[in-house]
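Each remark here refers to the structure printed beneath this line.
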Amino acid sequence: MQITPYLFFPGNCDEAIAFYHQAVGAHLAFKMTWGDMPPEQSHHGCGSAGPLPAEKIMHAQLRIGDSELMMCDSPDATLAMTGCAIALSTVDREEGERWFANLAVGGDVMQPWEETFWANGFGMLTDKFGVAWMVSAVKTQAQG
């Protein structure tokens, strides 16, 4: 079993895909626009709201390391990104610090990047799209 976060954007999903590629090396595995939907399938499985303009993202899948992050431009603008955070971890302190700094560009830092008793580096932020992130450089058992 795998749990995969699914993020909803208010029309700027393409911008988020490019940002996450630059910030953390995310790779685009799949992308479908609203214009790719066959006319006979209009709205099927997409809720009660109508589709967005043809160039907007209906579904995208990013790979970040061994994990997936799914996302779309949502026709339902009431979906807010609150009450959760995406946790991103590495054993490489410099990599974690770089991810944190990249994700923080244009966003709000809630917990500055610093060493903690459980991690060689940890920080929390909300990126410029309103997505909360918890970035950590975990200590290995040998580091105790």
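Just remember, in the structure tokens the first chain shown is A, the second B, etc., residues are 1-based per chain, and ligands are 1-based in the order shown.
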Fill in: Per-residue DSSP, stretch 3-142 of chain A, filtered to strand (DSSP E), as JSON, numbers by chain
{"A": [6, 7, 8, 9, 27, 28, 29, 30, 31, 32, 33, 57, 58, 59, 60, 61, 62, 63, 64, 67, 68, 69, 70, 71, 72, 73, 86, 87, 88, 89, 90, 108, 109, 110, 111, 112, 113, 114, 119, 120, 121, 122, 123, 124, 125, 126, 132, 133, 134, 135, 136, 137, 138]}
Practice prompt. Give me every helix (DSSP H, G or I) residue in stretch 101-144 of chain A, going by DSSP on the backbone, as a PyMOL selection string.
Written response: chain A and resi 101-104
Could you give me, as CSV, every stretch 70-105 of chain A residue with an atom at most 9 Å from stretch 111-132 of chain A, plus its closest atom pair and distance in Å to one decimal, counting only C-alpha atoms, rows ordered by chain then number?
```
residue,atom,partner,partner_atom,distance
A:Ala80,CA,A:Gly130,CA,8.5
A:Met81,CA,A:Val131,CA,6.1
A:Thr82,CA,A:Ala132,CA,7.9
A:Gly83,CA,A:Ala132,CA,8.9
A:Cys84,CA,A:Ala132,CA,6.9
A:Ala85,CA,A:Ala132,CA,4.5
A:Ile86,CA,A:Ala132,CA,6.2
A:Ala87,CA,A:Ala132,CA,8.7
A:Val91,CA,A:Asn120,CA,8.3
A:Asp92,CA,A:Asn120,CA,8.5
A:Arg93,CA,A:Asn120,CA,6.1
A:Glu94,CA,A:Gly121,CA,8.8
A:Gly96,CA,A:Gly121,CA,7.1
A:Glu97,CA,A:Trp113,CA,6.9
A:Phe100,CA,A:Gly123,CA,6.9
A:Ala101,CA,A:Trp113,CA,8.5
A:Leu103,CA,A:Asp127,CA,5.7
A:Ala104,CA,A:Asp127,CA,5.6
A:Val105,CA,A:Lys128,CA,7.1
```
Write the residues you've just listed into a file as a PDB file, in the first residue's frame, and include C-alpha atoms for each of them.
```
ATOM      1  CA  ALA A  80      -7.539  24.934   0.749  1.00  0.00           C
ATOM      2  CA  MET A  81      -4.165  23.455   1.652  1.00  0.00           C
ATOM      3  CA  THR A  82      -4.461  23.474   5.437  1.00  0.00           C
ATOM      4  CA  GLY A  83      -4.073  20.966   8.219  1.00  0.00           C
ATOM      5  CA  CYS A  84      -1.261  18.966   6.632  1.00  0.00           C
ATOM      6  CA  ALA A  85       2.329  19.220   5.422  1.00  0.00           C
ATOM      7  CA  ILE A  86       4.504  17.333   2.960  1.00  0.00           C
ATOM      8  CA  ALA A  87       7.478  15.758   4.781  1.00  0.00           C
ATOM      9  CA  VAL A  91      20.341  11.829   5.100  1.00  0.00           C
ATOM     10  CA  ASP A  92      22.422  14.533   3.384  1.00  0.00           C
ATOM     11  CA  ARG A  93      22.386  17.753   5.446  1.00  0.00           C
ATOM     12  CA  GLU A  94      23.467  19.974   2.536  1.00  0.00           C
ATOM     13  CA  GLY A  96      18.112  19.102   2.904  1.00  0.00           C
ATOM     14  CA  GLU A  97      19.265  22.654   3.486  1.00  0.00           C
ATOM     15  CA  PHE A 100      14.563  24.018   2.279  1.00  0.00           C
ATOM     16  CA  ALA A 101      16.090  27.204   0.853  1.00  0.00           C
ATOM     17  CA  LEU A 103      11.176  25.761  -1.351  1.00  0.00           C
ATOM     18  CA  ALA A 104      11.237  28.875   0.853  1.00  0.00           C
ATOM     19  CA  VAL A 105      11.692  31.251  -2.113  1.00  0.00           C
TER      20      VAL A 105
END
```
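Closest to A:Asp14 among A:Ala54, A:Ala60, A:Val138, A:Ala26 is A:Ala60, based on only C-alpha atoms.
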Please build the interface table for stretch 62-121 of chain A against stretch 2-6 of chain A with a cut-off of 8 Å, listing for each qualifying residue the nearest atom pair and the distance in Å to one decimal; count only C-alpha atoms, order rows by chain and increasing number, and write it as a tab-separated table.
```
residue	atom	partner	partner_atom	distance
A:Ser67	CA	A:Thr4	CA	7.9
A:Glu68	CA	A:Thr4	CA	6.0
A:Leu69	CA	A:Pro5	CA	5.5
A:Met70	CA	A:Tyr6	CA	4.6
A:Met71	CA	A:Tyr6	CA	5.2
A:Cys72	CA	A:Tyr6	CA	8.0
A:Ile86	CA	A:Pro5	CA	7.7
```
File of the preceding selection, N, CA and C atoms, as a PDB file, in the first residue's frame:
```
ATOM      1  N   SER A  67       9.305   8.703  -4.071  1.00  0.00           N
ATOM      2  CA  SER A  67       7.933   9.060  -3.717  1.00  0.00           C
ATOM      3  C   SER A  67       7.206   9.736  -4.873  1.00  0.00           C
ATOM      4  N   GLU A  68       5.892   9.783  -4.738  1.00  0.00           N
ATOM      5  CA  GLU A  68       5.032  10.443  -5.716  1.00  0.00           C
ATOM      6  C   GLU A  68       4.333  11.631  -5.082  1.00  0.00           C
ATOM      7  N   LEU A  69       4.055  12.603  -5.900  1.00  0.00           N
ATOM      8  CA  LEU A  69       3.225  13.735  -5.525  1.00  0.00           C
ATOM      9  C   LEU A  69       2.308  13.977  -6.710  1.00  0.00           C
ATOM     10  N   MET A  70       1.005  13.920  -6.473  1.00  0.00           N
ATOM     11  CA  MET A  70       0.049  14.158  -7.549  1.00  0.00           C
ATOM     12  C   MET A  70      -0.553  15.545  -7.373  1.00  0.00           C
ATOM     13  N   MET A  71      -1.003  16.114  -8.491  1.00  0.00           N
ATOM     14  CA  MET A  71      -1.534  17.475  -8.428  1.00  0.00           C
ATOM     15  C   MET A  71      -2.380  17.790  -9.640  1.00  0.00           C
ATOM     16  N   CYS A  72      -3.168  18.871  -9.503  1.00  0.00           N
ATOM     17  CA  CYS A  72      -4.001  19.318 -10.609  1.00  0.00           C
ATOM     18  C   CYS A  72      -4.412  20.776 -10.387  1.00  0.00           C
ATOM     19  N   ILE A  86       3.741  18.348   3.674  1.00  0.00           N
ATOM     20  CA  ILE A  86       4.504  17.333   2.960  1.00  0.00           C
ATOM     21  C   ILE A  86       5.845  17.214   3.685  1.00  0.00           C
TER      22      ILE A  86
END
```
Worksheet item: From the set A:Thr33, A:Leu52, A:Gly106, A:Met58, which residue has the shortest atom-to-atom contact distance to A:Leu7, counting only C-alpha atoms?
Response: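 Checking each of A:Thr33, A:Leu52, A:Gly106, A:Met58 against A:Leu7, counting only C-alpha atoms, the winner is A:Met58.
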So that I can check the surroundings of A:Phe9, please list as a compact mmCIF listing (two decimals) with C-alpha atoms, in the first residue's frame every protein, DNA and RNA residue that reaches within 6 Å of it, counting only C-alpha atoms and ignoring chain neighbours fewer than 4 positions away.
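Writing the result to part36.txt gives the following:
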```
# COMPACT_ATOMS: atom_id res chain seq x y z
CA CYS A 13 -0.29 23.86 -11.38
CA ASP A 73 -5.65 22.63 -11.34
CA SER A 74 -8.91 22.35 -9.46
```
